[in-house]
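Trainee: One structure, as structure tokens, below. Some questions next.
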Amino acid sequence: MSEQGKSRRSGQPGKSGQSGRPERRNERRDDQGRTRNRGTSGGPRQYSASAPSQRRRSADPSRLAAFETLTAVSRDDAYANLVLPARIAAHRLDKRDAGFATELTYGALRGQGFYDAVLATCVDRPLDQLDRPVLDALRLGAHQLLGMRVPSHAALDSTVSLVRDQIGAGPSGLVNAVLRKVTARDREAWLDQLAPVDEQTGTAADAALAIRHSHPQWIIRALRQSLASHGRPAEGRTAELEALLEADNAAPVVNLVALPGVGDLQPVLEAGAEPGPLAPGSALYRDGDAGRLPGVKEGTIRVQDVGSQLTARALAVVPVGSTAPERWLDLCAGPGGKAALLAALAREQGATLLANEPAEHRARLVENALAAVPGGANAADAGETWSIRCGDGRDLGAEQPEAFDRILVDAPCTGLGALRRRPESRWRRQPSDLGPLTELQRQLLDSAVEALKPGGVLGYVTCSPHPAETVFQVQDVLKRHPGLELLDTTGYLTEVAPALTDAGSAPTAPTAPTADSGTNATGNTSQLWPHLHATDAMFMALFRKVAS
């Protein structure tokens, strides 16, 4: 054997003084000749909480489902509510493990702002320099340590095992070291350090609120402005803002609706659901996967936020005075939740519904949602109840002027009112999104006004309370179209949901500007709130077209 070969085997430099690879200090080998890496930082070693024989060697299925979901969200801009059910099914999780995976996934997403602030103090580089899967795993570990009742040793070992199994042995050491630093403080101690509260006023600055409640600062400012714009009292607004932020971070109860004349709610109630307190034909389900309930797979029972249910029902009860069978239009129908409810209501009233959706793949989702309602355009049963148009809603008014008695414009929006159901949206949306969205909303409203018959009713709905998407849009459309009048939206909303008036919980309803600002508005708008009504923050304005 050459001297150079001997030097490689021995780890000592050869005659030339070069070993063939960089010299390692403190290098040790086991009986099989493998290197035992003691680290090169000079600091103390980090040991696992468990003995080697007790450590997991593969990823726990429930944690793996959560990790795969977070990876899809961060890598593919996917939505957790679409990915997680498929991962739960793929791993065949039982009810208990599915519940754990759900809390872990959504808790890590909702608390991302807080957890990232904690992790930033425990990692020796900016978080955006970490590989995305590693950061996803750290967020899952942080949530178990600071947001769940998982023992520290179990959270550490399971997260390290997950990383070792899914990413590699190298990153697992980093994750172990970082999460050990996270365990140095409990949640309250971290909050006191990273987001202090003013001792004299008992309040926190927006930067501290952003960490405490895991909302970007621009959304906090927008929600504060929204409370003011929708008529919430100035006194106690700071406390109400925090209540709204806390409601955004609470796991929402599953809301169900039985399609009128199609679905039967009784088997759902017998399976453990409870009657919904707000909307007729609704139920709440708190006990696991709603997809297993009778009627859900068939589409006659739908998972739908009660705020969405109420807006569809309110549009359907406004009198229009038409003697002929009414034509209804859902201008922005995808993915089909409100369209299915509208189609069932239209069928009961002898009307027909046209569901419009510009994107082909979403139009297919609309068709699937409507399939449970008899009377589709291609159905064999007598009488057409609904049909689908795949096209740009901005063109429909010109193509079919004054053709519809009722029109719903459930406009694309920032979604700031649905952050509890889609927590990842708060980290994706930017203030710059408002401009293009409000312009699109304006164009859709103009098309809807053109498509509406004189005497017909238009419902404008957003799942956002942002003033630019709500009250300002109402003011502007009234200025552009003098033939529109704003109706008593709150009155019609409480007509279909009398419980909204109980205990002072009626939806906030600012009156739109009067003739002083050049409009003919005399009615009001309605804004629902998560912290008041346990709904998404749905906004609605109802208009009547009194002249062309």
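So you can find residues: chains in the structure tokens are A, B, ... in the order shown, residues in each start at 1, and ligands are numbered from 1 in order.
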For Glu450 (chain A), list every protein, DNA or RNA residue within 7 Å, evaluated using only C-alpha atoms, and leave out those in the same chain fewer than 6 positions away; present the list as a PDB file with all heavy atoms, in the first residue's frame.

Mentor:
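Result file part.pdb:
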ATOM      1  N   GLY A 397     -73.082  41.237 -18.480  1.00  0.00           N
ATOM      2  CA  GLY A 397     -74.082  42.295 -18.520  1.00  0.00           C
ATOM      3  C   GLY A 397     -74.358  42.782 -19.927  1.00  0.00           C
ATOM      4  O   GLY A 397     -75.515  43.015 -20.310  1.00  0.00           O
ATOM      5  N   ALA A 398     -73.301  42.929 -20.723  1.00  0.00           N
ATOM      6  CA  ALA A 398     -73.477  43.372 -22.104  1.00  0.00           C
ATOM      7  C   ALA A 398     -74.125  42.289 -22.955  1.00  0.00           C
ATOM      8  O   ALA A 398     -74.893  42.584 -23.882  1.00  0.00           O
ATOM      9  CB  ALA A 398     -72.126  43.778 -22.695  1.00  0.00           C
ATOM     10  N   PRO A 401     -78.383  41.919 -21.193  1.00  0.00           N
ATOM     11  CA  PRO A 401     -78.821  43.087 -20.434  1.00  0.00           C
ATOM     12  C   PRO A 401     -80.244  42.912 -19.900  1.00  0.00           C
ATOM     13  O   PRO A 401     -81.114  42.352 -20.559  1.00  0.00           O
ATOM     14  CB  PRO A 401     -78.743  44.220 -21.464  1.00  0.00           C
ATOM     15  CG  PRO A 401     -78.874  43.529 -22.788  1.00  0.00           C
ATOM     16  CD  PRO A 401     -78.218  42.197 -22.625  1.00  0.00           C
ATOM     17  N   GLU A 402     -80.422  43.378 -18.659  1.00  0.00           N
ATOM     18  CA  GLU A 402     -81.721  43.371 -17.981  1.00  0.00           C
ATOM     19  C   GLU A 402     -82.431  42.025 -18.112  1.00  0.00           C
ATOM     20  O   GLU A 402     -83.612  41.947 -18.411  1.00  0.00           O
ATOM     21  CB  GLU A 402     -82.600  44.507 -18.528  1.00  0.00           C
ATOM     22  CG  GLU A 402     -82.005  45.883 -18.262  1.00  0.00           C
ATOM     23  CD  GLU A 402     -82.963  47.021 -18.560  1.00  0.00           C
ATOM     24  OE1 GLU A 402     -84.008  46.783 -19.208  1.00  0.00           O
ATOM     25  OE2 GLU A 402     -82.673  48.162 -18.142  1.00  0.00           O
TER      26      GLU A 402
END

Trainee: Per residue of region 301-350 of chain A within 12 Å of region 250-253 of chain A, which atom pair is closest and at what distance in Å (one decimal), using only C-alpha atoms, listed by chain and increasing number, as a Markdown table?

Mentor:
| residue | atom | partner | partner_atom | distance |
| --- | --- | --- | --- | --- |
| A:Val303 | CA | A:Val253 | CA | 10.5 |
| A:Gln304 | CA | A:Val253 | CA | 10.7 |
| A:Asp305 | CA | A:Val253 | CA | 9.2 |
| A:Val306 | CA | A:Val253 | CA | 10.5 |

Trainee: Quote the spacing between CA of Trp328 (chain A) and CA of Ser387 (chain A) in Å to one decimal place.

Mentor: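 Taking CA of Trp328 (chain A) as the start and CA of Ser387 (chain A) as the end point, the length is 10.6 Å.
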
Trainee: Once you count only C-alpha atoms, what closest atom pair and distance in Å to one decimal does each residue of region 357-452 of chain A within 10 Å of region 299-302 of chain A have, with rows by chain and rising residue number, as JSON lines?

Mentor:
{"residue": "A:Asn368", "atom": "CA", "partner": "A:Gly299", "partner_atom": "CA", "distance": 8.4}
{"residue": "A:Ala369", "atom": "CA", "partner": "A:Gly299", "partner_atom": "CA", "distance": 6.7}
{"residue": "A:Leu370", "atom": "CA", "partner": "A:Gly299", "partner_atom": "CA", "distance": 8.2}
{"residue": "A:Ala371", "atom": "CA", "partner": "A:Gly299", "partner_atom": "CA", "distance": 7.6}
{"residue": "A:Ala372", "atom": "CA", "partner": "A:Gly299", "partner_atom": "CA", "distance": 5.5}
{"residue": "A:Val373", "atom": "CA", "partner": "A:Thr300", "partner_atom": "CA", "distance": 7.7}

Trainee: Using only C-alpha atoms for the distances, tell me which of A:Thr414, A:Gln441, A:Gln112, A:Thr323 is nearest to Asp476 (chain A).

Mentor: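 Checking each candidate against Asp476 (chain A), we get A:Gln441 as the closest.
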
Trainee: List as a list in words the protein and nucleic acid residues near region 358-361 of chain A, meaning an atom at most 7 Å away when only C-alpha atoms are counted, but skip any in the same chain fewer than 4 places from it.

Mentor: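 Neighbouring residues, sequence-local ones excluded: Leu365, Cys390, Gly391, Asp392 and Gly393 of chain A.
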
Trainee: Quick one: residues within 8 Å of region 277-284 of chain A, only C-alpha atoms, excluding same-chain residues fewer than 5 positions away - as a JSON list (two decimals) with C-alpha atoms, in the first residue's frame?

Mentor:
[["chain", "number", "residue", "atom", "x", "y", "z"],
["A", 253, "VAL", "CA", -66.76, 24.75, 14.38],
["A", 254, "VAL", "CA", -67.86, 22.96, 11.21],
["A", 255, "ASN", "CA", -71.01, 24.63, 9.85],
["A", 256, "LEU", "CA", -73.45, 22.52, 7.82],
["A", 257, "VAL", "CA", -76.52, 23.30, 5.72],
["A", 258, "ALA", "CA", -79.19, 20.99, 4.36],
["A", 259, "LEU", "CA", -80.07, 22.14, 0.84],
["A", 260, "PRO", "CA", -83.74, 23.21, 1.02],
["A", 265, "LEU", "CA", -80.83, 17.41, 8.47],
["A", 269, "LEU", "CA", -78.41, 15.61, 14.08],
["A", 306, "VAL", "CA", -73.30, 30.19, 8.33],
["A", 309, "GLN", "CA", -75.71, 30.72, 4.15],
["A", 310, "LEU", "CA", -77.35, 33.88, 5.46],
["A", 496, "VAL", "CA", -83.87, 35.07, 7.77],
["A", 497, "ALA", "CA", -81.88, 34.94, 11.04],
["A", 498, "PRO", "CA", -83.93, 36.45, 13.89],
["A", 499, "ALA", "CA", -81.36, 35.22, 16.41],
["A", 500, "LEU", "CA", -78.96, 37.89, 15.13]]

Trainee: Find the distance between CA of Arg63 (chain A) and CA of Val160 (chain A) and write it in Å to one decimal.

Mentor: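 A separation of 11.2 Å between them.
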
Trainee: For the helix (DSSP H, G or I) assignment from backbone DSSP, which residues of region 281-380 of chain A qualify? Please present them as an mmCIF file with all heavy atoms, in the first residue's frame.

Mentor:
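For reference, part18.cif as written:
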data_model
loop_
_atom_site.group_PDB
_atom_site.id
_atom_site.type_symbol
_atom_site.label_atom_id
_atom_site.label_comp_id
_atom_site.auth_asym_id
_atom_site.auth_seq_id
_atom_site.Cartn_x
_atom_site.Cartn_y
_atom_site.Cartn_z
ATOM 1 N N ALA A 290 -66.404 15.788 9.145
ATOM 2 C CA ALA A 290 -67.785 15.958 8.706
ATOM 3 C C ALA A 290 -68.073 15.178 7.432
ATOM 4 O O ALA A 290 -69.236 14.915 7.122
ATOM 5 C CB ALA A 290 -68.086 17.439 8.487
ATOM 6 N N GLY A 291 -67.040 14.799 6.700
ATOM 7 C CA GLY A 291 -67.244 14.039 5.473
ATOM 8 C C GLY A 291 -67.881 12.684 5.697
ATOM 9 O O GLY A 291 -68.403 12.082 4.756
ATOM 10 N N ARG A 292 -67.867 12.205 6.940
ATOM 11 C CA ARG A 292 -68.468 10.912 7.252
ATOM 12 C C ARG A 292 -69.948 11.012 7.604
ATOM 13 O O ARG A 292 -70.607 9.995 7.807
ATOM 14 C CB ARG A 292 -67.700 10.276 8.422
ATOM 15 C CG ARG A 292 -66.205 10.082 8.127
ATOM 16 C CD ARG A 292 -65.440 9.610 9.358
ATOM 17 N NE ARG A 292 -64.003 9.514 9.093
ATOM 18 C CZ ARG A 292 -63.085 9.198 9.995
ATOM 19 N NH1 ARG A 292 -63.464 8.943 11.239
ATOM 20 N NH2 ARG A 292 -61.814 9.136 9.673
ATOM 21 N N VAL A 306 -71.932 29.695 8.169
ATOM 22 C CA VAL A 306 -73.303 30.187 8.325
ATOM 23 C C VAL A 306 -73.454 31.605 7.782
ATOM 24 O O VAL A 306 -74.528 31.996 7.305
ATOM 25 C CB VAL A 306 -73.740 30.107 9.809
ATOM 26 C CG1 VAL A 306 -72.968 31.094 10.668
ATOM 27 C CG2 VAL A 306 -75.234 30.326 9.941
ATOM 28 N N GLY A 307 -72.389 32.396 7.799
ATOM 29 C CA GLY A 307 -72.467 33.719 7.203
ATOM 30 C C GLY A 307 -72.759 33.653 5.717
ATOM 31 O O GLY A 307 -73.560 34.437 5.188
ATOM 32 N N SER A 308 -72.138 32.714 5.025
ATOM 33 C CA SER A 308 -72.417 32.513 3.603
ATOM 34 C C SER A 308 -73.854 32.059 3.387
ATOM 35 O O SER A 308 -74.531 32.490 2.442
ATOM 36 C CB SER A 308 -71.449 31.488 3.011
ATOM 37 O OG SER A 308 -70.113 31.955 3.067
ATOM 38 N N GLN A 309 -74.324 31.173 4.257
ATOM 39 C CA GLN A 309 -75.713 30.719 4.149
ATOM 40 C C GLN A 309 -76.685 31.896 4.259
ATOM 41 O O GLN A 309 -77.649 32.004 3.489
ATOM 42 C CB GLN A 309 -76.023 29.708 5.248
ATOM 43 C CG GLN A 309 -75.191 28.433 5.227
ATOM 44 C CD GLN A 309 -75.490 27.556 6.435
ATOM 45 O OE1 GLN A 309 -76.633 27.444 6.876
ATOM 46 N NE2 GLN A 309 -74.461 26.929 6.990
ATOM 47 N N LEU A 310 -76.429 32.784 5.208
ATOM 48 C CA LEU A 310 -77.354 33.885 5.460
ATOM 49 C C LEU A 310 -77.401 34.869 4.294
ATOM 50 O O LEU A 310 -78.473 35.404 3.973
ATOM 51 C CB LEU A 310 -76.974 34.605 6.747
ATOM 52 C CG LEU A 310 -77.137 33.798 8.043
ATOM 53 C CD1 LEU A 310 -76.667 34.606 9.241
ATOM 54 C CD2 LEU A 310 -78.588 33.367 8.228
ATOM 55 N N THR A 311 -76.268 35.117 3.644
ATOM 56 C CA THR A 311 -76.281 36.058 2.528
ATOM 57 C C THR A 311 -77.105 35.518 1.368
ATOM 58 O O THR A 311 -77.846 36.263 0.716
ATOM 59 C CB THR A 311 -74.853 36.384 2.064
ATOM 60 O OG1 THR A 311 -74.174 35.176 1.683
ATOM 61 C CG2 THR A 311 -74.062 37.071 3.169
ATOM 62 N N ALA A 312 -76.994 34.212 1.095
ATOM 63 C CA ALA A 312 -77.792 33.623 0.017
ATOM 64 C C ALA A 312 -79.279 33.669 0.364
ATOM 65 O O ALA A 312 -80.123 34.004 -0.484
ATOM 66 C CB ALA A 312 -77.349 32.190 -0.242
ATOM 67 N N ARG A 313 -79.617 33.363 1.597
ATOM 68 C CA ARG A 313 -81.028 33.350 1.998
ATOM 69 C C ARG A 313 -81.605 34.771 2.014
ATOM 70 O O ARG A 313 -82.777 34.975 1.673
ATOM 71 C CB ARG A 313 -81.175 32.691 3.370
ATOM 72 C CG ARG A 313 -80.949 31.176 3.338
ATOM 73 C CD ARG A 313 -81.219 30.555 4.694
ATOM 74 N NE ARG A 313 -81.062 29.105 4.689
ATOM 75 C CZ ARG A 313 -82.016 28.246 4.343
ATOM 76 N NH1 ARG A 313 -83.205 28.699 3.960
ATOM 77 N NH2 ARG A 313 -81.790 26.939 4.388
ATOM 78 N N ALA A 314 -80.812 35.762 2.422
ATOM 79 C CA ALA A 314 -81.304 37.137 2.442
ATOM 80 C C ALA A 314 -81.633 37.619 1.033
ATOM 81 O O ALA A 314 -82.651 38.287 0.813
ATOM 82 C CB ALA A 314 -80.278 38.051 3.099
ATOM 83 N N LEU A 315 -80.776 37.291 0.063
ATOM 84 C CA LEU A 315 -81.054 37.676 -1.324
ATOM 85 C C LEU A 315 -82.369 37.074 -1.802
ATOM 86 O O LEU A 315 -83.126 37.708 -2.554
ATOM 87 C CB LEU A 315 -79.906 37.224 -2.226
ATOM 88 C CG LEU A 315 -80.078 37.476 -3.726
ATOM 89 C CD1 LEU A 315 -80.140 38.974 -4.031
ATOM 90 C CD2 LEU A 315 -78.959 36.810 -4.514
ATOM 91 N N ALA A 316 -82.660 35.853 -1.354
ATOM 92 C CA ALA A 316 -83.837 35.131 -1.861
ATOM 93 C C ALA A 316 -85.150 35.647 -1.291
ATOM 94 O O ALA A 316 -86.206 35.365 -1.869
ATOM 95 C CB ALA A 316 -83.690 33.640 -1.562
ATOM 96 N N VAL A 317 -85.130 36.392 -0.171
ATOM 97 C CA VAL A 317 -86.398 36.809 0.439
ATOM 98 C C VAL A 317 -86.823 38.218 0.063
ATOM 99 O O VAL A 317 -87.942 38.631 0.363
ATOM 100 C CB VAL A 317 -86.340 36.688 1.982
ATOM 101 C CG1 VAL A 317 -86.079 35.267 2.413
ATOM 102 C CG2 VAL A 317 -85.318 37.658 2.580
ATOM 103 N N GLY A 337 -70.445 26.765 -3.391
ATOM 104 C CA GLY A 337 -71.205 26.636 -2.145
ATOM 105 C C GLY A 337 -72.480 27.453 -2.136
ATOM 106 O O GLY A 337 -73.574 26.929 -1.913
ATOM 107 N N LYS A 338 -72.344 28.754 -2.368
ATOM 108 C CA LYS A 338 -73.540 29.605 -2.391
ATOM 109 C C LYS A 338 -74.426 29.251 -3.586
ATOM 110 O O LYS A 338 -75.659 29.334 -3.502
ATOM 111 C CB LYS A 338 -73.144 31.073 -2.449
ATOM 112 C CG LYS A 338 -72.481 31.604 -1.190
ATOM 113 C CD LYS A 338 -72.266 33.102 -1.302
ATOM 114 C CE LYS A 338 -71.471 33.631 -0.113
ATOM 115 N NZ LYS A 338 -70.054 33.198 -0.168
ATOM 116 N N ALA A 339 -73.822 28.877 -4.712
ATOM 117 C CA ALA A 339 -74.612 28.533 -5.900
ATOM 118 C C ALA A 339 -75.523 27.344 -5.626
ATOM 119 O O ALA A 339 -76.676 27.316 -6.073
ATOM 120 C CB ALA A 339 -73.681 28.232 -7.080
ATOM 121 N N ALA A 340 -75.025 26.336 -4.893
ATOM 122 C CA ALA A 340 -75.849 25.163 -4.592
ATOM 123 C C ALA A 340 -77.039 25.561 -3.723
ATOM 124 O O ALA A 340 -78.171 25.113 -3.957
ATOM 125 C CB ALA A 340 -75.010 24.097 -3.897
ATOM 126 N N LEU A 341 -76.792 26.409 -2.719
ATOM 127 C CA LEU A 341 -77.891 26.856 -1.861
ATOM 128 C C LEU A 341 -78.877 27.711 -2.654
ATOM 129 O O LEU A 341 -80.105 27.563 -2.519
ATOM 130 C CB LEU A 341 -77.331 27.624 -0.667
ATOM 131 C CG LEU A 341 -78.343 28.142 0.358
ATOM 132 C CD1 LEU A 341 -79.271 27.040 0.846
ATOM 133 C CD2 LEU A 341 -77.614 28.798 1.536
ATOM 134 N N LEU A 342 -78.384 28.599 -3.505
ATOM 135 C CA LEU A 342 -79.262 29.423 -4.336
ATOM 136 C C LEU A 342 -80.086 28.561 -5.288
ATOM 137 O O LEU A 342 -81.279 28.816 -5.497
ATOM 138 C CB LEU A 342 -78.445 30.437 -5.129
ATOM 139 C CG LEU A 342 -77.966 31.684 -4.386
ATOM 140 C CD1 LEU A 342 -77.050 32.512 -5.281
ATOM 141 C CD2 LEU A 342 -79.145 32.525 -3.919
ATOM 142 N N ALA A 343 -79.465 27.539 -5.876
ATOM 143 C CA ALA A 343 -80.194 26.664 -6.801
ATOM 144 C C ALA A 343 -81.332 25.952 -6.091
ATOM 145 O O ALA A 343 -82.438 25.818 -6.640
ATOM 146 C CB ALA A 343 -79.236 25.657 -7.428
ATOM 147 N N ALA A 344 -81.081 25.484 -4.863
ATOM 148 C CA ALA A 344 -82.140 24.812 -4.108
ATOM 149 C C ALA A 344 -83.259 25.788 -3.751
ATOM 150 O O ALA A 344 -84.448 25.447 -3.836
ATOM 151 C CB ALA A 344 -81.555 24.187 -2.844
ATOM 152 N N LEU A 345 -82.896 27.016 -3.367
ATOM 153 C CA LEU A 345 -83.906 28.023 -3.062
ATOM 154 C C LEU A 345 -84.685 28.419 -4.312
ATOM 155 O O LEU A 345 -85.906 28.600 -4.277
ATOM 156 C CB LEU A 345 -83.235 29.258 -2.443
ATOM 157 C CG LEU A 345 -82.629 29.066 -1.047
ATOM 158 C CD1 LEU A 345 -81.749 30.262 -0.680
ATOM 159 C CD2 LEU A 345 -83.722 28.877 -0.001
ATOM 160 N N ALA A 346 -83.980 28.550 -5.442
ATOM 161 C CA ALA A 346 -84.649 28.890 -6.703
ATOM 162 C C ALA A 346 -85.634 27.799 -7.092
ATOM 163 O O ALA A 346 -86.754 28.081 -7.551
ATOM 164 C CB ALA A 346 -83.603 29.092 -7.798
ATOM 165 N N ARG A 347 -85.248 26.567 -6.907
ATOM 166 C CA ARG A 347 -86.137 25.441 -7.248
ATOM 167 C C ARG A 347 -87.412 25.506 -6.418
ATOM 168 O O ARG A 347 -88.511 25.267 -6.932
ATOM 169 C CB ARG A 347 -85.399 24.123 -7.016
ATOM 170 C CG ARG A 347 -86.217 22.870 -7.272
ATOM 171 C CD ARG A 347 -85.297 21.647 -7.210
ATOM 172 N NE ARG A 347 -86.053 20.416 -7.327
ATOM 173 C CZ ARG A 347 -86.470 19.674 -6.296
ATOM 174 N NH1 ARG A 347 -86.182 20.068 -5.057
ATOM 175 N NH2 ARG A 347 -87.150 18.568 -6.486
ATOM 176 N N GLU A 348 -87.288 25.836 -5.133
ATOM 177 C CA GLU A 348 -88.470 25.946 -4.280
ATOM 178 C C GLU A 348 -89.403 27.075 -4.727
ATOM 179 O O GLU A 348 -90.616 27.002 -4.540
ATOM 180 C CB GLU A 348 -88.045 26.176 -2.830
ATOM 181 C CG GLU A 348 -87.485 24.948 -2.139
ATOM 182 C CD GLU A 348 -87.387 25.130 -0.639
ATOM 183 O OE1 GLU A 348 -87.080 26.259 -0.192
ATOM 184 O OE2 GLU A 348 -87.620 24.152 0.094
ATOM 185 N N GLU A 360 -62.269 27.238 -15.948
ATOM 186 C CA GLU A 360 -62.871 25.951 -16.299
ATOM 187 C C GLU A 360 -62.820 24.964 -15.146
ATOM 188 O O GLU A 360 -63.795 24.250 -14.887
ATOM 189 C CB GLU A 360 -62.183 25.367 -17.537
ATOM 190 C CG GLU A 360 -62.499 26.106 -18.836
ATOM 191 C CD GLU A 360 -61.943 25.385 -20.047
ATOM 192 O OE1 GLU A 360 -61.449 24.239 -19.881
ATOM 193 O OE2 GLU A 360 -61.986 25.952 -21.151
ATOM 194 N N HIS A 361 -61.679 24.882 -14.458
ATOM 195 C CA HIS A 361 -61.583 23.893 -13.378
ATOM 196 C C HIS A 361 -62.523 24.247 -12.228
ATOM 197 O O HIS A 361 -63.083 23.366 -11.583
ATOM 198 C CB HIS A 361 -60.133 23.780 -12.889
ATOM 199 C CG HIS A 361 -59.634 24.966 -12.116
ATOM 200 N ND1 HIS A 361 -59.265 26.156 -12.709
ATOM 201 C CD2 HIS A 361 -59.460 25.152 -10.773
ATOM 202 C CE1 HIS A 361 -58.867 27.003 -11.794
ATOM 203 N NE2 HIS A 361 -58.982 26.433 -10.616
ATOM 204 N N ARG A 362 -62.736 25.531 -11.989
ATOM 205 C CA ARG A 362 -63.677 25.922 -10.942
ATOM 206 C C ARG A 362 -65.113 25.745 -11.416
ATOM 207 O O ARG A 362 -66.006 25.464 -10.611
ATOM 208 C CB ARG A 362 -63.414 27.366 -10.514
ATOM 209 C CG ARG A 362 -62.171 27.494 -9.637
ATOM 210 C CD ARG A 362 -61.801 28.946 -9.404
ATOM 211 N NE ARG A 362 -62.813 29.685 -8.685
ATOM 212 C CZ ARG A 362 -62.898 29.750 -7.347
ATOM 213 N NH1 ARG A 362 -62.041 29.081 -6.586
ATOM 214 N NH2 ARG A 362 -63.834 30.469 -6.767
ATOM 215 N N ALA A 363 -65.348 25.901 -12.710
ATOM 216 C CA ALA A 363 -66.695 25.644 -13.239
ATOM 217 C C ALA A 363 -67.080 24.181 -13.036
ATOM 218 O O ALA A 363 -68.254 23.866 -12.782
ATOM 219 C CB ALA A 363 -66.756 26.015 -14.714
ATOM 220 N N ARG A 364 -66.096 23.297 -13.117
ATOM 221 C CA ARG A 364 -66.380 21.877 -12.855
ATOM 222 C C ARG A 364 -66.718 21.665 -11.383
ATOM 223 O O ARG A 364 -67.571 20.833 -11.041
ATOM 224 C CB ARG A 364 -65.186 21.019 -13.267
ATOM 225 C CG ARG A 364 -65.003 20.915 -14.789
ATOM 226 C CD ARG A 364 -64.004 19.847 -15.159
ATOM 227 N NE ARG A 364 -62.644 20.207 -14.764
ATOM 228 C CZ ARG A 364 -61.792 20.885 -15.530
ATOM 229 N NH1 ARG A 364 -62.175 21.291 -16.737
ATOM 230 N NH2 ARG A 364 -60.573 21.165 -15.108
ATOM 231 N N LEU A 365 -66.059 22.417 -10.495
ATOM 232 C CA LEU A 365 -66.405 22.337 -9.075
ATOM 233 C C LEU A 365 -67.830 22.826 -8.837
ATOM 234 O O LEU A 365 -68.569 22.259 -8.025
ATOM 235 C CB LEU A 365 -65.420 23.168 -8.242
ATOM 236 C CG LEU A 365 -63.963 22.704 -8.209
ATOM 237 C CD1 LEU A 365 -63.110 23.685 -7.411
ATOM 238 C CD2 LEU A 365 -63.862 21.307 -7.620
ATOM 239 N N VAL A 366 -68.222 23.876 -9.543
ATOM 240 C CA VAL A 366 -69.588 24.387 -9.431
ATOM 241 C C VAL A 366 -70.579 23.325 -9.886
ATOM 242 O O VAL A 366 -71.609 23.085 -9.238
ATOM 243 C CB VAL A 366 -69.751 25.685 -10.247
ATOM 244 C CG1 VAL A 366 -71.214 26.137 -10.234
ATOM 245 C CG2 VAL A 366 -68.850 26.780 -9.694
ATOM 246 N N GLU A 367 -70.272 22.680 -10.995
ATOM 247 C CA GLU A 367 -71.170 21.641 -11.511
ATOM 248 C C GLU A 367 -71.310 20.500 -10.510
ATOM 249 O O GLU A 367 -72.410 19.972 -10.292
ATOM 250 C CB GLU A 367 -70.658 21.120 -12.850
ATOM 251 C CG GLU A 367 -71.597 20.124 -13.523
ATOM 252 C CD GLU A 367 -71.165 19.763 -14.924
ATOM 253 O OE1 GLU A 367 -70.025 20.097 -15.298
ATOM 254 O OE2 GLU A 367 -71.972 19.140 -15.641
ATOM 255 N N ASN A 368 -70.208 20.117 -9.891
ATOM 256 C CA ASN A 368 -70.265 19.064 -8.881
ATOM 257 C C ASN A 368 -71.115 19.496 -7.683
ATOM 258 O O ASN A 368 -71.872 18.699 -7.121
ATOM 259 C CB ASN A 368 -68.849 18.716 -8.411
ATOM 260 C CG ASN A 368 -68.032 18.022 -9.486
ATOM 261 O OD1 ASN A 368 -68.578 17.440 -10.417
ATOM 262 N ND2 ASN A 368 -66.711 18.109 -9.368
ATOM 263 N N ALA A 369 -70.981 20.771 -7.283
ATOM 264 C CA ALA A 369 -71.753 21.262 -6.141
ATOM 265 C C ALA A 369 -73.248 21.300 -6.458
ATOM 266 O O ALA A 369 -74.084 21.013 -5.597
ATOM 267 C CB ALA A 369 -71.258 22.652 -5.743
ATOM 268 N N LEU A 370 -73.593 21.638 -7.694
ATOM 269 C CA LEU A 370 -74.997 21.763 -8.081
ATOM 270 C C LEU A 370 -75.639 20.418 -8.408
ATOM 271 O O LEU A 370 -76.869 20.330 -8.511
ATOM 272 C CB LEU A 370 -75.122 22.685 -9.298
ATOM 273 C CG LEU A 370 -74.792 24.158 -9.067
ATOM 274 C CD1 LEU A 370 -74.799 24.918 -10.385
ATOM 275 C CD2 LEU A 370 -75.779 24.782 -8.113
#

Trainee: So, with only C-alpha atoms as the atoms that count, which of A:Ala468, A:Ala205, A:Ser172, A:Asp287 lies closest to Arg96 (chain A)?

Mentor: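 So, comparing all the options, the nearest one is A:Asp287.
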
Trainee: One decimal, Å: what's the distance from CA of Leu329 (chain A) over to CA of Ser229 (chain A), could you say?

Mentor: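 Interatomic distance here is 29.3 Å.
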
Trainee: I'd like the neighbourhood of Asp136 (chain A) as a PyMOL selection string, where a residue qualifies if any of its atoms comes within 8 Å (using only C-alpha atoms), though same-chain residues fewer than 6 positions away should be ignored.

Mentor: chain A and resi 67+70-71

Trainee: Restricting it to N, CA and C atoms, dump the selection as a PDB file, in the first residue's frame.

Mentor:
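Generated file (selection00.pdb):
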ATOM      1  N   PHE A  67     -47.112  17.615   8.330  1.00  0.00           N
ATOM      2  CA  PHE A  67     -45.906  18.083   7.644  1.00  0.00           C
ATOM      3  C   PHE A  67     -46.129  18.136   6.132  1.00  0.00           C
ATOM      4  N   LEU A  70     -48.270  21.227   5.373  1.00  0.00           N
ATOM      5  CA  LEU A  70     -47.515  22.477   5.444  1.00  0.00           C
ATOM      6  C   LEU A  70     -46.542  22.612   4.277  1.00  0.00           C
ATOM      7  N   THR A  71     -45.939  21.497   3.873  1.00  0.00           N
ATOM      8  CA  THR A  71     -45.031  21.540   2.730  1.00  0.00           C
ATOM      9  C   THR A  71     -45.763  21.943   1.456  1.00  0.00           C
TER      10      THR A  71
END

Trainee: Counting only C-alpha atoms, figure out which residue out of A:Cys122, A:Met148, A:Val320, A:Val409 gets nearest to Glu357 (chain A).

Mentor: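 The answer is A:Val409, which sits nearest to Glu357 (chain A).
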